[in-house]
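Shown next: final_25.cif, given as mmCIF, N, CA and C atoms.
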data_protein
loop_
_atom_site.label_atom_id
_atom_site.label_comp_id
_atom_site.auth_asym_id
_atom_site.auth_seq_id
_atom_site.Cartn_x
_atom_site.Cartn_y
_atom_site.Cartn_z
N MET A 1 125.65 115.63 47.27
CA MET A 1 124.82 116.59 47.98
C MET A 1 123.40 116.52 47.45
N GLY A 2 122.63 115.60 47.86
CA GLY A 2 121.27 115.44 47.40
C GLY A 2 120.28 115.76 48.51
N ILE A 3 119.06 115.63 48.15
CA ILE A 3 118.01 115.87 49.13
C ILE A 3 117.89 114.62 50.00
N ASP A 4 117.84 114.86 51.25
CA ASP A 4 117.72 113.77 52.21
C ASP A 4 116.34 113.12 52.04
N VAL A 5 116.27 111.81 52.05
CA VAL A 5 115.02 111.06 51.88
C VAL A 5 114.04 111.40 53.00
N LYS A 6 114.57 111.57 54.18
CA LYS A 6 113.71 111.89 55.34
C LYS A 6 113.03 113.25 55.13
N THR A 7 113.76 114.22 54.64
CA THR A 7 113.21 115.55 54.39
C THR A 7 112.17 115.49 53.27
N LEU A 8 112.46 114.75 52.21
CA LEU A 8 111.53 114.62 51.10
C LEU A 8 110.22 113.99 51.55
N LEU A 9 110.32 112.93 52.34
CA LEU A 9 109.10 112.28 52.85
C LEU A 9 108.32 113.23 53.78
N SER A 10 109.02 114.00 54.54
CA SER A 10 108.37 114.97 55.44
C SER A 10 107.61 116.02 54.64
N VAL A 11 108.22 116.54 53.57
CA VAL A 11 107.57 117.55 52.72
C VAL A 11 106.37 116.95 52.01
N LEU A 12 106.54 115.76 51.45
CA LEU A 12 105.42 115.11 50.75
C LEU A 12 104.29 114.78 51.73
N GLY A 13 104.60 114.33 52.91
CA GLY A 13 103.59 114.03 53.93
C GLY A 13 102.82 115.27 54.34
N THR A 14 103.54 116.38 54.50
CA THR A 14 102.89 117.65 54.86
C THR A 14 101.98 118.12 53.73
N LEU A 15 102.45 118.00 52.50
CA LEU A 15 101.64 118.38 51.34
C LEU A 15 100.38 117.52 51.25
N PHE A 16 100.53 116.21 51.42
CA PHE A 16 99.39 115.30 51.38
C PHE A 16 98.39 115.62 52.49
N LEU A 17 98.88 115.87 53.70
CA LEU A 17 98.01 116.19 54.84
C LEU A 17 97.27 117.50 54.60
N THR A 18 97.94 118.50 54.00
CA THR A 18 97.30 119.79 53.70
C THR A 18 96.17 119.60 52.69
N ILE A 19 96.44 118.82 51.64
CA ILE A 19 95.41 118.55 50.63
C ILE A 19 94.25 117.80 51.26
N LEU A 20 94.53 116.86 52.13
CA LEU A 20 93.49 116.09 52.80
C LEU A 20 92.61 116.99 53.69
N VAL A 21 93.22 117.92 54.40
CA VAL A 21 92.46 118.85 55.25
C VAL A 21 91.55 119.73 54.40
N PHE A 22 92.06 120.27 53.29
CA PHE A 22 91.23 121.11 52.42
C PHE A 22 90.09 120.31 51.79
N ALA A 23 90.36 119.09 51.37
CA ALA A 23 89.30 118.25 50.79
C ALA A 23 88.23 117.94 51.84
N GLY A 24 88.65 117.65 53.06
CA GLY A 24 87.70 117.39 54.14
C GLY A 24 86.86 118.62 54.47
N ALA A 25 87.47 119.79 54.48
CA ALA A 25 86.73 121.03 54.75
C ALA A 25 85.72 121.30 53.64
N TYR A 26 86.11 121.06 52.40
CA TYR A 26 85.20 121.24 51.27
C TYR A 26 84.01 120.30 51.39
N TRP A 27 84.28 119.04 51.64
CA TRP A 27 83.21 118.04 51.78
C TRP A 27 82.27 118.40 52.95
N ALA A 28 82.83 118.82 54.08
CA ALA A 28 82.01 119.17 55.25
C ALA A 28 81.13 120.39 54.96
N SER A 29 81.68 121.39 54.27
CA SER A 29 80.87 122.58 53.97
C SER A 29 79.74 122.25 53.01
N LYS A 30 79.98 121.39 52.04
CA LYS A 30 78.93 120.96 51.12
C LYS A 30 77.84 120.20 51.86
N THR A 31 78.22 119.30 52.74
CA THR A 31 77.25 118.50 53.48
C THR A 31 76.42 119.37 54.40
N VAL A 32 77.04 120.26 55.12
CA VAL A 32 76.31 121.16 56.03
C VAL A 32 75.42 122.10 55.23
N GLY A 33 75.92 122.60 54.10
CA GLY A 33 75.13 123.50 53.26
C GLY A 33 73.87 122.84 52.74
N ARG A 34 73.97 121.61 52.28
CA ARG A 34 72.78 120.88 51.80
C ARG A 34 71.79 120.66 52.92
N SER A 35 72.29 120.31 54.08
CA SER A 35 71.42 120.08 55.24
C SER A 35 70.71 121.37 55.63
N TYR A 36 71.43 122.49 55.63
CA TYR A 36 70.83 123.77 55.99
C TYR A 36 69.77 124.18 54.98
N GLN A 37 70.03 123.99 53.69
CA GLN A 37 69.05 124.35 52.68
C GLN A 37 67.77 123.55 52.84
N LYS A 38 67.87 122.28 53.14
CA LYS A 38 66.67 121.45 53.31
C LYS A 38 65.85 121.93 54.49
N THR A 39 66.47 122.23 55.62
CA THR A 39 65.71 122.65 56.80
C THR A 39 65.14 124.05 56.61
N SER A 40 65.87 124.95 55.97
CA SER A 40 65.33 126.30 55.80
C SER A 40 64.15 126.31 54.84
N LYS A 41 64.18 125.47 53.81
CA LYS A 41 63.06 125.42 52.87
C LYS A 41 61.85 124.73 53.49
N SER A 42 62.07 123.77 54.39
CA SER A 42 60.94 123.08 54.98
C SER A 42 60.21 123.95 55.99
N ASN A 43 60.89 124.94 56.58
CA ASN A 43 60.24 125.84 57.53
C ASN A 43 59.33 126.83 56.81
N ILE A 44 59.64 127.16 55.57
CA ILE A 44 58.84 128.10 54.80
C ILE A 44 58.36 127.34 53.56
N PRO A 45 57.08 126.90 53.56
CA PRO A 45 56.62 126.03 52.49
C PRO A 45 56.85 126.56 51.08
N ASN A 46 56.54 127.81 50.83
CA ASN A 46 56.66 128.35 49.48
C ASN A 46 57.94 129.15 49.30
N GLY A 47 58.81 129.13 50.26
CA GLY A 47 60.07 129.85 50.14
C GLY A 47 59.89 131.35 50.27
N ILE A 48 60.93 132.06 49.95
CA ILE A 48 60.93 133.52 50.01
C ILE A 48 61.15 134.01 48.59
N LYS A 49 60.28 134.92 48.15
CA LYS A 49 60.39 135.47 46.81
C LYS A 49 60.32 136.99 46.89
N ILE A 50 61.25 137.65 46.21
CA ILE A 50 61.18 139.10 46.09
C ILE A 50 60.31 139.40 44.88
N ILE A 51 59.16 139.99 45.15
CA ILE A 51 58.19 140.28 44.10
C ILE A 51 58.61 141.52 43.31
N ASP A 52 59.01 142.56 44.05
CA ASP A 52 59.39 143.80 43.40
C ASP A 52 60.31 144.56 44.32
N ARG A 53 61.12 145.44 43.75
CA ARG A 53 61.98 146.30 44.56
C ARG A 53 62.11 147.65 43.89
N ARG A 54 62.22 148.68 44.70
CA ARG A 54 62.37 150.04 44.20
C ARG A 54 63.45 150.75 45.01
N ALA A 55 64.36 151.39 44.32
CA ALA A 55 65.36 152.22 44.98
C ALA A 55 64.71 153.55 45.32
N ILE A 56 64.92 154.01 46.55
CA ILE A 56 64.36 155.30 46.96
C ILE A 56 65.44 156.28 47.37
N GLY A 57 66.67 155.87 47.29
CA GLY A 57 67.79 156.73 47.62
C GLY A 57 69.07 155.93 47.53
N LYS A 58 70.17 156.58 47.87
CA LYS A 58 71.46 155.88 47.83
C LYS A 58 71.46 154.82 48.92
N GLU A 59 71.62 153.57 48.51
CA GLU A 59 71.63 152.41 49.41
C GLU A 59 70.35 152.29 50.24
N GLN A 60 69.21 152.73 49.69
CA GLN A 60 67.92 152.63 50.36
C GLN A 60 66.91 152.09 49.36
N GLY A 61 66.03 151.23 49.83
CA GLY A 61 65.04 150.69 48.92
C GLY A 61 63.84 150.11 49.63
N LEU A 62 62.79 149.90 48.85
CA LEU A 62 61.59 149.22 49.31
C LEU A 62 61.50 147.89 48.58
N LEU A 63 61.11 146.85 49.30
CA LEU A 63 60.97 145.53 48.70
C LEU A 63 59.61 144.97 49.02
N LEU A 64 58.97 144.35 48.04
CA LEU A 64 57.78 143.55 48.26
C LEU A 64 58.26 142.10 48.29
N VAL A 65 58.04 141.44 49.42
CA VAL A 65 58.56 140.09 49.61
C VAL A 65 57.42 139.16 49.99
N LYS A 66 57.37 138.01 49.32
CA LYS A 66 56.38 136.99 49.66
C LYS A 66 57.09 135.91 50.46
N VAL A 67 56.62 135.69 51.69
CA VAL A 67 57.17 134.67 52.58
C VAL A 67 56.03 133.73 52.92
N GLY A 68 56.06 132.53 52.36
CA GLY A 68 54.94 131.61 52.55
C GLY A 68 53.70 132.20 51.92
N ASP A 69 52.67 132.43 52.75
CA ASP A 69 51.44 133.04 52.24
C ASP A 69 51.31 134.50 52.67
N ARG A 70 52.37 135.07 53.18
CA ARG A 70 52.36 136.48 53.62
C ARG A 70 53.11 137.34 52.61
N VAL A 71 52.65 138.59 52.44
CA VAL A 71 53.32 139.55 51.57
C VAL A 71 53.71 140.73 52.45
N LEU A 72 54.99 141.05 52.45
CA LEU A 72 55.52 142.09 53.33
C LEU A 72 56.13 143.22 52.52
N LEU A 73 55.93 144.44 53.00
CA LEU A 73 56.63 145.61 52.47
C LEU A 73 57.79 145.85 53.41
N ILE A 74 59.01 145.82 52.87
CA ILE A 74 60.21 145.92 53.69
C ILE A 74 61.03 147.11 53.23
N GLY A 75 61.51 147.88 54.19
CA GLY A 75 62.44 148.97 53.91
C GLY A 75 63.85 148.47 54.20
N ALA A 76 64.77 148.75 53.31
CA ALA A 76 66.13 148.26 53.49
C ALA A 76 67.14 149.37 53.22
N THR A 77 68.12 149.49 54.11
CA THR A 77 69.26 150.38 53.92
C THR A 77 70.51 149.53 54.05
N ALA A 78 71.66 150.17 53.94
CA ALA A 78 72.91 149.43 54.08
C ALA A 78 73.09 148.91 55.50
N GLN A 79 72.48 149.58 56.49
CA GLN A 79 72.66 149.19 57.88
C GLN A 79 71.47 148.48 58.50
N ASN A 80 70.28 148.54 57.88
CA ASN A 80 69.08 148.09 58.57
C ASN A 80 68.05 147.54 57.58
N ILE A 81 67.24 146.61 58.08
CA ILE A 81 66.09 146.10 57.34
C ILE A 81 64.90 146.14 58.28
N VAL A 82 63.78 146.73 57.82
CA VAL A 82 62.61 146.91 58.67
C VAL A 82 61.35 146.47 57.94
N LYS A 83 60.50 145.70 58.62
CA LYS A 83 59.19 145.37 58.06
C LYS A 83 58.30 146.60 58.26
N LEU A 84 57.83 147.16 57.16
CA LEU A 84 57.00 148.35 57.23
C LEU A 84 55.51 148.01 57.34
N GLU A 85 55.10 147.00 56.57
CA GLU A 85 53.67 146.68 56.52
C GLU A 85 53.48 145.27 56.01
N GLU A 86 52.43 144.60 56.50
CA GLU A 86 52.01 143.33 55.91
C GLU A 86 50.84 143.65 54.99
N LEU A 87 50.95 143.25 53.75
CA LEU A 87 49.95 143.61 52.74
C LEU A 87 48.98 142.46 52.51
N ASP A 88 47.89 142.78 51.85
CA ASP A 88 46.86 141.79 51.53
C ASP A 88 47.41 140.82 50.50
N ASN A 89 47.55 139.55 50.89
CA ASN A 89 48.16 138.57 49.99
C ASN A 89 47.25 138.17 48.83
N THR A 90 45.97 138.56 48.86
CA THR A 90 45.08 138.23 47.75
C THR A 90 45.40 139.07 46.50
N LEU A 91 46.18 140.13 46.66
CA LEU A 91 46.57 140.96 45.52
C LEU A 91 47.67 140.30 44.69
N PHE A 92 48.22 139.21 45.21
CA PHE A 92 49.35 138.55 44.54
C PHE A 92 48.98 137.11 44.24
N PRO A 93 49.13 136.67 43.01
CA PRO A 93 48.80 135.29 42.66
C PRO A 93 49.69 134.31 43.43
N VAL A 94 49.09 133.21 43.86
CA VAL A 94 49.82 132.22 44.63
C VAL A 94 50.74 131.39 43.74
N GLU A 95 50.28 131.03 42.55
CA GLU A 95 51.02 130.12 41.69
C GLU A 95 52.32 130.74 41.19
N SER A 96 52.21 131.92 40.59
CA SER A 96 53.41 132.56 40.06
C SER A 96 53.20 134.06 40.10
N PHE A 97 54.27 134.78 39.98
CA PHE A 97 54.20 136.22 40.01
C PHE A 97 54.28 136.75 38.59
N ASN A 98 53.12 136.86 37.94
CA ASN A 98 53.05 137.40 36.60
C ASN A 98 52.85 138.90 36.76
N HIS A 99 53.86 139.69 36.42
CA HIS A 99 53.81 141.13 36.66
C HIS A 99 52.70 141.81 35.87
N GLU A 100 52.25 141.21 34.77
CA GLU A 100 51.18 141.82 34.00
C GLU A 100 49.84 141.69 34.72
N GLN A 101 49.61 140.56 35.42
CA GLN A 101 48.35 140.35 36.12
C GLN A 101 48.35 141.02 37.49
N MET A 102 49.51 141.20 38.08
CA MET A 102 49.61 141.71 39.43
C MET A 102 49.43 143.24 39.45
N ALA A 103 48.81 143.73 40.52
CA ALA A 103 48.64 145.17 40.66
C ALA A 103 50.02 145.82 40.80
N SER A 104 50.13 147.06 40.36
CA SER A 104 51.43 147.73 40.43
C SER A 104 51.75 148.10 41.88
N PHE A 105 53.01 148.31 42.13
CA PHE A 105 53.49 148.69 43.46
C PHE A 105 52.77 149.95 43.94
N THR A 106 52.63 150.92 43.05
CA THR A 106 51.98 152.19 43.40
C THR A 106 50.52 151.98 43.78
N ASP A 107 49.79 151.15 43.03
CA ASP A 107 48.38 150.87 43.35
C ASP A 107 48.25 150.22 44.73
N ILE A 108 49.10 149.26 45.00
CA ILE A 108 49.04 148.57 46.29
C ILE A 108 49.36 149.55 47.41
N TRP A 109 50.34 150.40 47.20
CA TRP A 109 50.70 151.39 48.22
C TRP A 109 49.52 152.34 48.48
N ARG A 110 48.87 152.80 47.43
CA ARG A 110 47.72 153.72 47.61
C ARG A 110 46.59 153.05 48.37
N ARG A 111 46.29 151.78 48.03
CA ARG A 111 45.23 151.06 48.74
C ARG A 111 45.57 150.90 50.22
N THR A 112 46.82 150.60 50.50
CA THR A 112 47.24 150.43 51.89
C THR A 112 47.12 151.74 52.66
N VAL A 113 47.52 152.84 52.05
CA VAL A 113 47.42 154.15 52.69
C VAL A 113 45.96 154.51 52.91
N LYS A 114 45.09 154.24 51.92
CA LYS A 114 43.66 154.54 52.06
C LYS A 114 43.03 153.73 53.19
N LYS A 115 43.45 152.47 53.34
CA LYS A 115 42.93 151.64 54.43
C LYS A 115 43.31 152.22 55.78
N ARG A 116 44.51 152.77 55.89
CA ARG A 116 45.00 153.29 57.16
C ARG A 116 44.43 154.68 57.47
N MET A 117 44.12 155.46 56.46
CA MET A 117 43.63 156.82 56.68
C MET A 117 42.31 156.85 57.45
N PRO A 118 41.30 156.04 57.13
CA PRO A 118 40.07 156.07 57.91
C PRO A 118 40.29 155.72 59.38
N GLU A 119 41.22 154.84 59.66
CA GLU A 119 41.52 154.48 61.05
C GLU A 119 42.03 155.68 61.81
N GLN A 120 42.87 156.49 61.19
CA GLN A 120 43.42 157.67 61.84
C GLN A 120 42.36 158.75 62.01
N GLU A 121 41.43 158.87 61.03
CA GLU A 121 40.39 159.89 61.11
C GLU A 121 39.38 159.56 62.19
N LYS A 122 39.07 158.27 62.41
CA LYS A 122 38.12 157.87 63.44
C LYS A 122 38.60 158.25 64.83
N GLY A 123 39.92 158.12 65.04
CA GLY A 123 40.49 158.41 66.35
C GLY A 123 40.55 159.89 66.64
N GLY A 124 40.43 160.73 65.63
CA GLY A 124 40.50 162.18 65.81
C GLY A 124 41.95 162.62 65.96
N HIS A 125 42.12 163.92 65.99
CA HIS A 125 43.45 164.48 66.14
C HIS A 125 43.53 165.16 67.49
N SER A 126 44.51 164.78 68.29
CA SER A 126 44.66 165.38 69.61
C SER A 126 45.35 166.73 69.52
N ASP A 127 45.93 167.06 68.38
CA ASP A 127 46.61 168.34 68.22
C ASP A 127 45.64 169.50 68.00
N ASP A 128 44.39 169.20 67.58
CA ASP A 128 43.41 170.26 67.31
C ASP A 128 42.90 170.85 68.61
N SER A 129 42.99 172.18 68.77
CA SER A 129 42.50 172.83 70.00
C SER A 129 41.53 173.92 69.65
#
Please rewrite the model in this file as structure tokens.
Amino acid sequence: MGIDVKTLLSVLGTLFLTILVFAGAYWASKTVGRSYQKTSKSNIPNGIKIIDRRAIGKEQGLLLVKVGDRVLLIGATAQNIVKLEELDNTLFPVESFNHEQMASFTDIWRRTVKKRMPEQEKGGHSDDS
């Protein structure tokens, strides 16, 4: 009462085929991943860098993100990501982000608010009667 040779070959063949499928899937994912990384980096010359981030609540935060030569203020929650403002990229060094040389998040925010305030004052307030 031994194992039938036909059954043994069938089990070994199935095992070999399963290993071959997994190896092929691994190789394909690596190849596609490398290809995707090359194209995504070539579309954005300097890549994407998170300069700073601040938590403002549970699962809520503000991020300063450098994308190419643009600097964006982004609001992020668990469900949503929103571009709040594009900031002056001259406030951030192009070569590297040295936090000691860079203006603080609070200073940049104040400057941005001050820039926007005169625009609102020029237009006047329609609520005043």
Review point. Quick one: distance from atom N of Ala28 of chain A to atom C of Phe16 of chain A in Å, one decimal?
Key: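 Straight-line distance from atom N of Ala28 of chain A to atom C of Phe16 of chain A works out to 16.0 Å.
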Practice item. Name the residues, using the chain letters and numbers of the file, that sit within 8 Å of (58.8, 149.1, 56.5) when counting all atoms listed in the file, and give them as a PyMOL selection string. Key: chain A and resi 62-63+72-76+81-86
Selection file, N, CA and C atoms, as a PDB file, keeping the file's coordinate frame:
ATOM      1  N   LEU A  62      62.790 149.900  48.850  1.00  0.00           N
ATOM      2  CA  LEU A  62      61.590 149.220  49.310  1.00  0.00           C
ATOM      3  C   LEU A  62      61.500 147.890  48.580  1.00  0.00           C
ATOM      4  N   LEU A  63      61.110 146.850  49.300  1.00  0.00           N
ATOM      5  CA  LEU A  63      60.970 145.530  48.700  1.00  0.00           C
ATOM      6  C   LEU A  63      59.610 144.970  49.020  1.00  0.00           C
ATOM      7  N   LEU A  72      54.990 141.050  52.450  1.00  0.00           N
ATOM      8  CA  LEU A  72      55.520 142.090  53.330  1.00  0.00           C
ATOM      9  C   LEU A  72      56.130 143.220  52.520  1.00  0.00           C
ATOM     10  N   LEU A  73      55.930 144.440  53.000  1.00  0.00           N
ATOM     11  CA  LEU A  73      56.630 145.610  52.470  1.00  0.00           C
ATOM     12  C   LEU A  73      57.790 145.850  53.410  1.00  0.00           C
ATOM     13  N   ILE A  74      59.010 145.820  52.870  1.00  0.00           N
ATOM     14  CA  ILE A  74      60.210 145.920  53.690  1.00  0.00           C
ATOM     15  C   ILE A  74      61.030 147.110  53.230  1.00  0.00           C
ATOM     16  N   GLY A  75      61.510 147.880  54.190  1.00  0.00           N
ATOM     17  CA  GLY A  75      62.440 148.970  53.910  1.00  0.00           C
ATOM     18  C   GLY A  75      63.850 148.470  54.200  1.00  0.00           C
ATOM     19  N   ALA A  76      64.770 148.750  53.310  1.00  0.00           N
ATOM     20  CA  ALA A  76      66.130 148.260  53.490  1.00  0.00           C
ATOM     21  C   ALA A  76      67.140 149.370  53.220  1.00  0.00           C
ATOM     22  N   ILE A  81      67.240 146.610  58.080  1.00  0.00           N
ATOM     23  CA  ILE A  81      66.090 146.100  57.340  1.00  0.00           C
ATOM     24  C   ILE A  81      64.900 146.140  58.280  1.00  0.00           C
ATOM     25  N   VAL A  82      63.780 146.730  57.820  1.00  0.00           N
ATOM     26  CA  VAL A  82      62.610 146.910  58.670  1.00  0.00           C
ATOM     27  C   VAL A  82      61.350 146.470  57.940  1.00  0.00           C
ATOM     28  N   LYS A  83      60.500 145.700  58.620  1.00  0.00           N
ATOM     29  CA  LYS A  83      59.190 145.370  58.060  1.00  0.00           C
ATOM     30  C   LYS A  83      58.300 146.600  58.260  1.00  0.00           C
ATOM     31  N   LEU A  84      57.830 147.160  57.160  1.00  0.00           N
ATOM     32  CA  LEU A  84      57.000 148.350  57.230  1.00  0.00           C
ATOM     33  C   LEU A  84      55.510 148.010  57.340  1.00  0.00           C
ATOM     34  N   GLU A  85      55.100 147.000  56.570  1.00  0.00           N
ATOM     35  CA  GLU A  85      53.670 146.680  56.520  1.00  0.00           C
ATOM     36  C   GLU A  85      53.480 145.270  56.010  1.00  0.00           C
ATOM     37  N   GLU A  86      52.430 144.600  56.500  1.00  0.00           N
ATOM     38  CA  GLU A  86      52.010 143.330  55.910  1.00  0.00           C
ATOM     39  C   GLU A  86      50.840 143.650  54.990  1.00  0.00           C
TER      40      GLU A  86
END
Practice item. Counting all atoms listed in the file, write as a PyMOL selection string all protein and nucleic acid residues lying at most 5 Å from (55.3, 137.7, 46.0) in the file's frame. Key: chain A and resi 51+65-66
Residues within 7 Å of Lys58 of chain A, only N, CA and C atoms, excluding chain neighbours under 3 positions, as a PDB file with N, CA and C atoms, keeping the file's coordinate frame:
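Output file part-v2.pdb follows:
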ATOM      1  N   ALA A  55      64.360 151.390  44.320  1.00  0.00           N
ATOM      2  CA  ALA A  55      65.360 152.220  44.980  1.00  0.00           C
ATOM      3  C   ALA A  55      64.710 153.550  45.320  1.00  0.00           C
ATOM      4  N   GLY A  61      66.030 151.230  49.830  1.00  0.00           N
ATOM      5  CA  GLY A  61      65.040 150.690  48.920  1.00  0.00           C
ATOM      6  C   GLY A  61      63.840 150.110  49.630  1.00  0.00           C
ATOM      7  N   ALA A  78      71.660 150.170  53.940  1.00  0.00           N
ATOM      8  CA  ALA A  78      72.910 149.430  54.080  1.00  0.00           C
ATOM      9  C   ALA A  78      73.090 148.910  55.500  1.00  0.00           C
TER      10      ALA A  78
END
Evaluate the PyMOL selection byres ((chain A and resi 67) around 8) against this structure - the residues, as a short mmCIF file (atom, residue, chain, number, x, y, z; two decimals) with N, CA and C atoms, keeping the file's coordinate frame, please.
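File produced: expr_39.cif:
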data_model
loop_
_atom_site.label_atom_id
_atom_site.label_comp_id
_atom_site.auth_asym_id
_atom_site.auth_seq_id
_atom_site.Cartn_x
_atom_site.Cartn_y
_atom_site.Cartn_z
N ILE A 44 59.64 127.16 55.57
CA ILE A 44 58.84 128.10 54.80
C ILE A 44 58.36 127.34 53.56
N PRO A 45 57.08 126.90 53.56
CA PRO A 45 56.62 126.03 52.49
C PRO A 45 56.85 126.56 51.08
N ASN A 46 56.54 127.81 50.83
CA ASN A 46 56.66 128.35 49.48
C ASN A 46 57.94 129.15 49.30
N GLY A 47 58.81 129.13 50.26
CA GLY A 47 60.07 129.85 50.14
C GLY A 47 59.89 131.35 50.27
N ILE A 48 60.93 132.06 49.95
CA ILE A 48 60.93 133.52 50.01
C ILE A 48 61.15 134.01 48.59
N LYS A 49 60.28 134.92 48.15
CA LYS A 49 60.39 135.47 46.81
C LYS A 49 60.32 136.99 46.89
N ILE A 50 61.25 137.65 46.21
CA ILE A 50 61.18 139.10 46.09
C ILE A 50 60.31 139.40 44.88
N LEU A 64 58.97 144.35 48.04
CA LEU A 64 57.78 143.55 48.26
C LEU A 64 58.26 142.10 48.29
N VAL A 65 58.04 141.44 49.42
CA VAL A 65 58.56 140.09 49.61
C VAL A 65 57.42 139.16 49.99
N LYS A 66 57.37 138.01 49.32
CA LYS A 66 56.38 136.99 49.66
C LYS A 66 57.09 135.91 50.46
N GLY A 68 56.06 132.53 52.36
CA GLY A 68 54.94 131.61 52.55
C GLY A 68 53.70 132.20 51.92
N ASP A 69 52.67 132.43 52.75
CA ASP A 69 51.44 133.04 52.24
C ASP A 69 51.31 134.50 52.67
N ARG A 70 52.37 135.07 53.18
CA ARG A 70 52.36 136.48 53.62
C ARG A 70 53.11 137.34 52.61
N VAL A 71 52.65 138.59 52.44
CA VAL A 71 53.32 139.55 51.57
C VAL A 71 53.71 140.73 52.45
N LEU A 72 54.99 141.05 52.45
CA LEU A 72 55.52 142.09 53.33
C LEU A 72 56.13 143.22 52.52
#
